[in-house]
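Shown below: coords_20.cif, with mmCIF, C-alpha atoms.
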data_coords
loop_
_atom_site.label_atom_id
_atom_site.label_comp_id
_atom_site.auth_asym_id
_atom_site.auth_seq_id
_atom_site.Cartn_x
_atom_site.Cartn_y
_atom_site.Cartn_z
CA MET K 185 87.95 174.10 127.19
CA CYS K 186 85.72 175.06 130.11
CA GLN K 187 84.54 171.78 131.63
CA GLY K 188 81.06 173.08 132.51
CA LEU K 189 80.56 174.28 128.97
CA SER K 190 81.74 170.95 127.60
CA SER K 191 78.99 169.06 129.44
CA ALA K 192 76.36 171.67 128.57
CA LEU K 193 77.22 171.42 124.89
CA GLN K 194 76.45 167.72 124.93
CA HIS K 195 72.80 168.83 124.75
CA ALA K 196 73.09 171.87 122.52
CA LEU K 197 72.32 173.41 119.17
CA PRO K 198 74.01 176.55 117.95
CA GLY K 199 72.20 179.80 118.58
CA PRO K 200 72.97 183.46 118.11
CA ALA K 201 75.57 185.32 120.14
CA MET K 202 74.64 188.75 121.46
CA SER K 203 76.90 191.39 122.93
CA LEU K 204 75.43 193.50 125.70
CA TRP K 205 76.90 196.59 127.30
CA MET K 206 76.30 196.70 131.04
CA PRO K 207 77.56 198.91 133.88
CA ALA K 208 80.63 197.45 135.53
CA GLU K 209 80.59 196.61 139.20
CA PRO K 210 81.28 199.81 141.17
CA ASP K 211 84.96 200.14 142.02
CA ALA K 212 85.65 201.25 145.58
CA HIS K 213 88.53 203.35 144.28
CA SER K 214 86.52 205.02 141.51
CA SER K 215 85.41 208.59 141.97
CA SER K 216 83.19 208.73 138.89
CA ALA K 217 79.42 208.82 139.45
CA ASP K 218 78.86 206.85 136.25
CA PRO K 219 80.42 203.40 136.28
CA PRO K 220 82.24 202.35 133.10
CA LEU K 221 80.48 200.05 130.69
CA VAL K 222 81.62 196.45 130.35
CA ARG K 223 80.85 194.24 127.37
CA LYS K 224 79.02 190.99 128.18
CA THR K 225 78.44 188.32 125.53
CA LEU K 226 75.48 185.98 125.66
CA PHE K 227 75.41 182.75 123.67
CA LEU K 228 71.95 181.21 123.25
CA VAL K 229 72.16 177.46 122.72
CA ARG K 230 69.31 174.98 122.37
CA HIS K 231 69.54 171.28 123.11
CA GLY K 232 69.98 168.81 120.27
CA GLU K 233 67.43 166.29 119.09
CA ALA K 234 66.69 163.72 121.77
CA VAL K 235 64.98 160.34 121.58
CA HIS K 236 61.70 161.79 122.87
CA ASN K 237 61.61 164.22 119.91
CA ILE K 238 61.72 161.27 117.51
CA GLU K 239 59.07 159.38 119.48
CA GLU K 240 56.84 162.47 119.49
CA ALA K 241 57.06 162.75 115.71
CA LYS K 242 56.21 159.06 115.26
CA ALA K 243 53.24 159.28 117.63
CA LYS K 244 51.91 162.39 115.90
CA SER K 245 52.31 160.73 112.49
CA ARG K 246 50.35 157.66 113.64
CA ALA K 247 47.66 159.89 115.18
CA ALA K 248 47.40 161.90 111.95
CA SER K 249 46.95 158.71 109.90
CA GLU K 250 44.27 157.44 112.26
CA ALA K 251 42.44 160.77 112.34
CA SER K 252 42.55 161.04 108.54
CA SER K 253 41.27 157.48 108.11
CA GLU K 254 38.34 158.42 110.35
CA GLY K 255 37.56 161.34 108.04
CA HIS K 256 38.89 164.20 110.16
CA SER K 257 40.33 167.13 108.22
CA PRO K 258 43.82 168.32 109.27
CA SER K 259 42.27 171.72 110.02
CA SER K 260 39.60 170.25 112.31
CA ASN K 261 39.76 170.43 116.08
CA ALA K 262 39.34 166.66 116.36
CA PHE K 263 42.43 166.12 114.20
CA LYS K 264 44.50 168.65 116.17
CA GLU K 265 43.34 167.19 119.49
CA ARG K 266 44.42 163.70 118.37
CA LEU K 267 47.91 164.93 117.54
CA GLU K 268 48.22 166.81 120.82
CA ALA K 269 47.08 163.78 122.82
CA ALA K 270 49.65 161.62 121.04
CA ARG K 271 52.39 164.18 121.73
CA ARG K 272 51.46 164.39 125.41
CA SER K 273 51.39 160.62 125.83
CA VAL K 274 55.03 160.46 124.72
CA LEU K 275 56.04 163.29 127.06
CA GLN K 276 54.37 161.51 129.99
CA ASN K 277 56.40 158.35 129.41
CA GLY K 278 58.65 158.06 132.47
CA GLN K 279 61.34 156.27 130.47
CA LEU K 280 61.81 159.40 128.36
CA LEU K 281 62.06 161.94 131.21
CA ASP K 282 65.76 162.64 130.67
CA ALA K 283 66.00 161.24 127.17
CA GLU K 284 69.36 160.60 125.56
CA LEU K 285 70.39 162.51 122.47
CA SER K 286 69.74 160.81 119.16
CA ALA K 287 72.62 160.27 116.73
CA ASP K 288 71.59 163.50 114.98
CA GLY K 289 71.42 165.26 118.36
CA LYS K 290 74.99 164.24 119.13
CA LEU K 291 76.11 165.67 115.77
CA GLN K 292 74.18 168.87 116.52
CA ALA K 293 75.96 169.17 119.88
CA LEU K 294 79.33 168.73 118.22
CA ARG K 295 78.45 171.41 115.66
CA ALA K 296 77.38 173.75 118.49
CA LYS K 297 80.72 173.23 120.23
CA MET K 298 82.56 173.99 117.00
CA GLU K 299 80.41 177.08 116.38
CA ILE K 300 81.11 178.48 119.85
CA GLU K 301 84.81 177.78 119.40
CA SER K 302 84.75 179.66 116.09
CA LEU K 303 82.91 182.62 117.68
CA THR K 304 85.27 182.92 120.64
CA ALA K 305 88.93 183.70 121.02
CA LEU K 306 89.67 180.20 119.76
CA GLY K 307 88.37 181.42 116.39
CA ASN K 308 90.12 184.80 116.70
CA THR K 309 86.87 186.81 116.52
CA GLY K 310 87.51 188.56 119.80
CA LEU K 311 84.45 187.26 121.60
CA PRO K 312 85.25 185.90 125.06
CA TRP K 313 85.00 182.25 126.03
CA PRO K 314 81.90 181.69 128.21
CA THR K 315 82.55 182.05 131.93
CA ALA K 316 79.15 180.75 133.03
CA VAL K 317 76.63 178.27 131.67
CA LEU K 318 72.94 178.38 132.60
CA THR K 319 70.68 175.46 131.72
CA SER K 320 67.01 174.67 132.06
CA PRO K 321 65.98 171.64 134.06
#

Let's see the structure in the file written out as structure tokens.
Amino acid sequence: MCQGLSSALQHALPGPAMSLWMPAEPDAHSSSADPPLVRKTLFLVRHGEAVHNIEEAKAKSRAASEASSEGHSPSSNAFKERLEAARRSVLQNGQLLDAELSADGKLQALRAKMEIESLTALGNTGLPWPTAVLTSP
């Protein structure tokens, strides 16, 4: 298993795989004006549920209860603003900046790993094992 992929999958959910056809790098020995096409496969993977996701949901639920008890309709701007303020307060909590995965998030990461293995040569589908992993900060 590719070590970089292993660590990236610790924060992943399965996503679709796409195959793209791209021009190959020009070969110095090639005389053809049109470079051959090379198949590239792109796996899109999203992070698993983290602790901040759970805290966001709890904060929004509390805010919804409070807004409802004050007579605000769920379709009102006041209600929506309350929920957004609650969500933002959780995201601004410095202790949750690089939040750990929840238990469900860890299961989701394991499922993503298994899905990628089943889509690649390990699963005999013919798709290549990833050679690069890009992540967001």

**Report entry** Ground truth for the PyMOL selection byres ((chain K and resi 251) around 10), written as a list in words
**Finding:**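 Checking the PyMOL selection byres ((chain K and resi 251) around 10) against this file, the residues are Ser245, Arg246, Ala247, Ala248, Ser249, Glu250, Ser252, Ser253, Glu254, Gly255, His256, Ser257, Pro258, Ser260, Ala262, Phe263, Lys264, Glu265, Arg266 and Leu267 of chain K.
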
Requested in this report: List the residues matched by the PyMOL selection byres ((chain K and resi 312) around 10) in the displayed structure as number ranges by chain, ordered by chain and then by residue number.
Outcome: K: 223-226, 300-301, 303-306, 308-311, 313-315

Requested in this report: Would you mind telling me which residue in K:Leu228, K:Val235, K:Lys242, K:Pro219 lies nearest to Glu284 (chain K) when using all atoms listed in the file?
Outcome: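 Of the candidates, the smallest distance to Glu284 (chain K) is held by K:Val235.
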
Requested in this report: Please measure the separation of CA of Ser273 (chain K) and CA of Leu318 (chain K), giving the value in Å to one decimal.
Outcome: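 Computing the Euclidean distance for CA of Ser273 (chain K) and CA of Leu318 (chain K) yields 28.7 Å.
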
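CA of Ala270 (chain K) sits 9.8 Å away from CA of Glu239 (chain K).
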
Query raised in the report: In Å, how far is it from CA of Ala243 (chain K) to CA of Arg271 (chain K)?
Result: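 Those two atoms sit 6.4 Å apart.
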
Query raised in the report: Looking at K:Val222, K:Val317, K:Ala241, K:Ala234, which one is nearest to Ala293 (chain K), with distances taken over all atoms listed in the file?
Result: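 Selected residue with least distance to Ala293 (chain K): K:Ala234.
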